[in-house]
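Visitor: The structure is given below, and queries will be raised subsequently.
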Amino acid sequence: MSDDLLLFEKHGHVAKVTINRPDKRNPLGLAGDGDQFHAMAKRVNDDFDIRCVIMTGAGSAFSAGGDLKAMRDRTGEFGVDNLRLRDHYRSGIHGIIKAMWSIEVPIVGAINGPAIGLGGDVASLCDIRLSAASAKFGATFLKIGLLPGDGGAWLLPRIVGWSRAAQLYFTGDVVDAETARSWGLVSEVYPDDQLMTEAERLAAKIIQQPPQALRMTKRLMRDGVSASFDAIMEMSAAMQVLVQRTDDHMEAVNAFFEKRTPVFTGK
């Protein structure tokens, strides 16, 4: 098995990224993890042939979160002084989150098993989350004497609302896939053996869209989380002009009138 944290496969216009520490339920936040996520994000963003990413976990978990054994034993980055540990959070753990946020194409999360703590926040950064029936979700930081130091306190309330996020944080409860779906944390729940098939089916629909407009739409949605209404309106006008001058726009319009499926080239 590869020693890489992230396995990367490209199939046509779809990249599949697999968190690859299955023997420990895919822990995240070790030294170098931020760099690997940044490299993956750059690889995706620089390849304009990629129109969608599917992210999943190897083995039985998506990611069970941080490495508790390293925290307990104060080994690796958890054994350094406070200032260096702060830098590890900034560059390593925050590096994972910022890299996920920076990915320009849609990310379909195939949440194949537990997504806990940091693992849950990485899952939350997928644009569309599909869950296996056996998956579980939790923001259990307080249970281990920590707080959501990876930016989850900003992210989770924007997905499930303040009350649900507070319930998850303040109780440390772990919820099942159907509860996660009813709360809006995932879109759909599938039998475990059908999850990847459904993720691939969804990705196949996404990649049919014009790639420049697809990337710009995601950018508008990302910026819309924190930008003002007026700023988004200005960005929308500017980006609309750009895509309206593309060959793909004319191909889409012509295909509409000719009653055929458009073929997009990214130009």
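The way I read the labels, and the way they are meant: chains A, B, ... in the order of the structure tokens, residue 1 as the first residue of every chain, and ligand 1 as the first ligand shown, with later ones counted on from there.
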Residues within 9 Å of Asp49 in chain A, please, as a ChimeraX atom specification. Count only C-alpha atoms; anything in the same chain fewer than 2 positions from it doesn't count.

Guide: /A:12-14,44,46-47,51,211,266

Visitor: Sorted by chain and rising residue number, list the residues of range 105-124 of chain A at most 12 Å from range 159-180 of chain A (counting only C-alpha atoms), each with its closest atom pair and distance in Å to one decimal, as JSON lines.

Guide:
```
{"residue": "A:Ile111", "atom": "CA", "partner": "A:Ala177", "partner_atom": "CA", "distance": 9.5}
{"residue": "A:Asn112", "atom": "CA", "partner": "A:Ala177", "partner_atom": "CA", "distance": 10.3}
{"residue": "A:Gly113", "atom": "CA", "partner": "A:Ala177", "partner_atom": "CA", "distance": 9.4}
{"residue": "A:Pro114", "atom": "CA", "partner": "A:Asp176", "partner_atom": "CA", "distance": 9.1}
{"residue": "A:Ala115", "atom": "CA", "partner": "A:Val174", "partner_atom": "CA", "distance": 9.5}
{"residue": "A:Ile116", "atom": "CA", "partner": "A:Val174", "partner_atom": "CA", "distance": 8.1}
{"residue": "A:Gly117", "atom": "CA", "partner": "A:Gly172", "partner_atom": "CA", "distance": 9.7}
{"residue": "A:Gly120", "atom": "CA", "partner": "A:Val174", "partner_atom": "CA", "distance": 10.7}
{"residue": "A:Asp121", "atom": "CA", "partner": "A:Ile159", "partner_atom": "CA", "distance": 10.7}
{"residue": "A:Ala123", "atom": "CA", "partner": "A:Ile159", "partner_atom": "CA", "distance": 11.5}
{"residue": "A:Ser124", "atom": "CA", "partner": "A:Ile159", "partner_atom": "CA", "distance": 7.9}
```

Visitor: Using only C-alpha atoms, which of the listed residues (A:Leu195, A:Val243, A:Leu214, A:Ala135) sits closest to Phe48 in chain A?

Guide: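 Among A:Leu195, A:Val243, A:Leu214, A:Ala135, it is A:Leu214 that comes nearest to Phe48 in chain A.
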
Visitor: Against range 183-193 of chain A, which residues of range 64-168 of chain A fall within 6 Å? For each one I want the closest pair of atoms and the distance in Å (one decimal), counting only C-alpha atoms, rows by chain and increasing residue number, as a tab-separated table.

Guide:
```
residue	atom	partner	partner_atom	distance
A:Arg129	CA	A:Val186	CA	4.8
A:Leu130	CA	A:Glu188	CA	5.1
A:Ser131	CA	A:Val189	CA	4.7
A:Ala132	CA	A:Asp192	CA	4.7
A:Ala133	CA	A:Pro191	CA	5.3
A:Val160	CA	A:Gly184	CA	5.8
```

Visitor: Excluding same-chain residues fewer than 4 positions from Gly119 in chain A, what lies within 10 Å of it counting only C-alpha atoms, as a list of chain:residue names?

Guide: A:Ile19, A:Asn26, A:Pro27, A:Leu28, A:Gly29, A:Gly57, A:Ala61, A:Phe62, A:Ser63, A:Ala64, A:Gly65, A:Gly66, A:Pro114, A:Ala115, A:Ala123, A:Ser124, A:Phe137, A:Gly138, A:Ala139

Visitor: Kindly indicate which residue among A:Ala227, A:Ala31, A:His38, A:Gly152 lies nearest to Val80 in chain A, using only C-alpha atoms for the distances.

Guide: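 Of all the options, A:Ala31 lies closest to Val80 in chain A.
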
Visitor: Got a sec to tell me which of range 43-103 of chain A DSSP assigns to strand (DSSP E), as a ChimeraX atom specification?

Guide: /A:52-57

Visitor: Residues as selected, N, CA and C atoms, written as an mmCIF file, in the first residue's frame, can you do that?

Guide:
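This is the output file again34.cif:
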```cif
data_model
loop_
_atom_site.group_PDB
_atom_site.id
_atom_site.type_symbol
_atom_site.label_atom_id
_atom_site.label_comp_id
_atom_site.auth_asym_id
_atom_site.auth_seq_id
_atom_site.Cartn_x
_atom_site.Cartn_y
_atom_site.Cartn_z
ATOM 1 N N CYS A 52 -14.457 17.685 -11.680
ATOM 2 C CA CYS A 52 -15.091 17.260 -10.429
ATOM 3 C C CYS A 52 -14.124 16.366 -9.663
ATOM 4 N N VAL A 53 -14.196 16.422 -8.335
ATOM 5 C CA VAL A 53 -13.421 15.560 -7.455
ATOM 6 C C VAL A 53 -14.383 14.710 -6.634
ATOM 7 N N ILE A 54 -14.086 13.437 -6.510
ATOM 8 C CA ILE A 54 -14.758 12.575 -5.531
ATOM 9 C C ILE A 54 -13.760 12.313 -4.412
ATOM 10 N N MET A 55 -14.153 12.588 -3.176
ATOM 11 C CA MET A 55 -13.277 12.342 -2.023
ATOM 12 C C MET A 55 -13.902 11.277 -1.133
ATOM 13 N N THR A 56 -13.074 10.322 -0.717
ATOM 14 C CA THR A 56 -13.556 9.247 0.148
ATOM 15 C C THR A 56 -12.414 8.795 1.052
ATOM 16 N N GLY A 57 -12.665 7.781 1.854
ATOM 17 C CA GLY A 57 -11.642 7.234 2.735
ATOM 18 C C GLY A 57 -11.379 5.775 2.420
#
```

Visitor: For Arg219 in chain A, please output as a PyMOL selection string all residues within 12 Å (counting only C-alpha atoms; exclusion window: fewer than 3 positions along the same chain).

Guide: chain A and resi 101-106+127+212-216+222-227+232+235-236+239

Visitor: Return as an MDAnalysis selection string the full set of residues in range 101-225 of chain A whose backbone-based DSSP assignment is helix (DSSP H, G or I).

Guide: chainID A and resid 101:102 118:124 142:144 152:160 162:171 177:182 192:206 211:224

Visitor: Could you dump the residues just selected with C-alpha atoms as an mmCIF file, in the first residue's frame?

Guide:
```cif
data_model
loop_
_atom_site.group_PDB
_atom_site.id
_atom_site.type_symbol
_atom_site.label_atom_id
_atom_site.label_comp_id
_atom_site.auth_asym_id
_atom_site.auth_seq_id
_atom_site.Cartn_x
_atom_site.Cartn_y
_atom_site.Cartn_z
ATOM 1 C CA TRP A 101 -11.540 25.376 0.623
ATOM 2 C CA SER A 102 -9.309 26.417 -2.275
ATOM 3 C CA LEU A 118 -11.217 17.099 11.907
ATOM 4 C CA GLY A 119 -12.436 14.313 9.635
ATOM 5 C CA GLY A 120 -15.966 15.655 9.892
ATOM 6 C CA ASP A 121 -14.807 19.139 8.996
ATOM 7 C CA VAL A 122 -12.908 17.839 5.959
ATOM 8 C CA ALA A 123 -16.105 16.041 4.926
ATOM 9 C CA SER A 124 -18.044 19.273 5.442
ATOM 10 C CA LEU A 142 -14.902 18.779 23.908
ATOM 11 C CA LYS A 143 -14.997 15.088 24.788
ATOM 12 C CA ILE A 144 -11.210 14.961 24.500
ATOM 13 C CA GLY A 152 -15.081 24.041 12.254
ATOM 14 C CA ALA A 153 -16.743 26.634 14.501
ATOM 15 C CA TRP A 154 -16.977 28.856 11.408
ATOM 16 C CA LEU A 155 -17.961 26.076 9.021
ATOM 17 C CA LEU A 156 -20.425 23.798 10.801
ATOM 18 C CA PRO A 157 -23.053 26.419 11.826
ATOM 19 C CA ARG A 158 -23.202 27.534 8.182
ATOM 20 C CA ILE A 159 -24.131 23.991 7.157
ATOM 21 C CA VAL A 160 -26.516 22.758 9.844
ATOM 22 C CA TRP A 162 -26.431 27.371 14.980
ATOM 23 C CA SER A 163 -28.646 25.130 17.105
ATOM 24 C CA ARG A 164 -27.619 21.837 15.503
ATOM 25 C CA ALA A 165 -23.942 22.827 15.494
ATOM 26 C CA ALA A 166 -24.159 23.804 19.161
ATOM 27 C CA GLN A 167 -25.827 20.500 19.969
ATOM 28 C CA LEU A 168 -23.030 18.565 18.260
ATOM 29 C CA TYR A 169 -20.262 20.592 19.905
ATOM 30 C CA PHE A 170 -21.692 20.930 23.409
ATOM 31 C CA THR A 171 -22.796 17.295 23.802
ATOM 32 C CA ALA A 177 -26.311 8.918 8.627
ATOM 33 C CA GLU A 178 -30.083 9.383 8.586
ATOM 34 C CA THR A 179 -29.875 12.027 11.300
ATOM 35 C CA ALA A 180 -27.093 13.746 9.370
ATOM 36 C CA ARG A 181 -29.323 13.763 6.293
ATOM 37 C CA SER A 182 -32.279 15.222 8.168
ATOM 38 C CA ASP A 192 -22.644 0.979 1.737
ATOM 39 C CA ASP A 193 -22.064 -1.081 -1.389
ATOM 40 C CA GLN A 194 -23.835 1.485 -3.585
ATOM 41 C CA LEU A 195 -22.146 4.640 -2.282
ATOM 42 C CA MET A 196 -19.289 4.913 -4.786
ATOM 43 C CA THR A 197 -21.550 4.032 -7.708
ATOM 44 C CA GLU A 198 -23.885 6.853 -6.722
ATOM 45 C CA ALA A 199 -20.993 9.274 -6.221
ATOM 46 C CA GLU A 200 -19.662 8.430 -9.673
ATOM 47 C CA ARG A 201 -23.137 8.853 -11.163
ATOM 48 C CA LEU A 202 -23.434 12.305 -9.612
ATOM 49 C CA ALA A 203 -19.950 13.283 -10.772
ATOM 50 C CA ALA A 204 -20.850 12.152 -14.296
ATOM 51 C CA LYS A 205 -23.722 14.644 -14.297
ATOM 52 C CA ILE A 206 -21.574 17.461 -12.923
ATOM 53 C CA PRO A 211 -16.005 23.800 -17.072
ATOM 54 C CA GLN A 212 -15.262 27.534 -16.877
ATOM 55 C CA ALA A 213 -18.786 28.380 -15.742
ATOM 56 C CA LEU A 214 -18.656 25.441 -13.318
ATOM 57 C CA ARG A 215 -15.513 26.742 -11.606
ATOM 58 C CA MET A 216 -16.803 30.305 -11.498
ATOM 59 C CA THR A 217 -20.137 29.210 -10.014
ATOM 60 C CA LYS A 218 -18.330 27.440 -7.189
ATOM 61 C CA ARG A 219 -16.191 30.544 -6.637
ATOM 62 C CA LEU A 220 -19.307 32.713 -6.350
ATOM 63 C CA MET A 221 -20.832 30.290 -3.858
ATOM 64 C CA ARG A 222 -17.635 30.199 -1.778
ATOM 65 C CA ASP A 223 -17.285 33.988 -1.742
ATOM 66 C CA GLY A 224 -20.995 34.354 -1.055
#
```

Visitor: With a distance cut-off of 7 Å and only C-alpha atoms, select the neighbouring residues of range 83-92 of chain A, excluding the residue or stretch itself and same-chain residues fewer than 4 positions from it, and output the selection as a ChimeraX atom specification.

Guide: /A:29,31-34,77-78,96
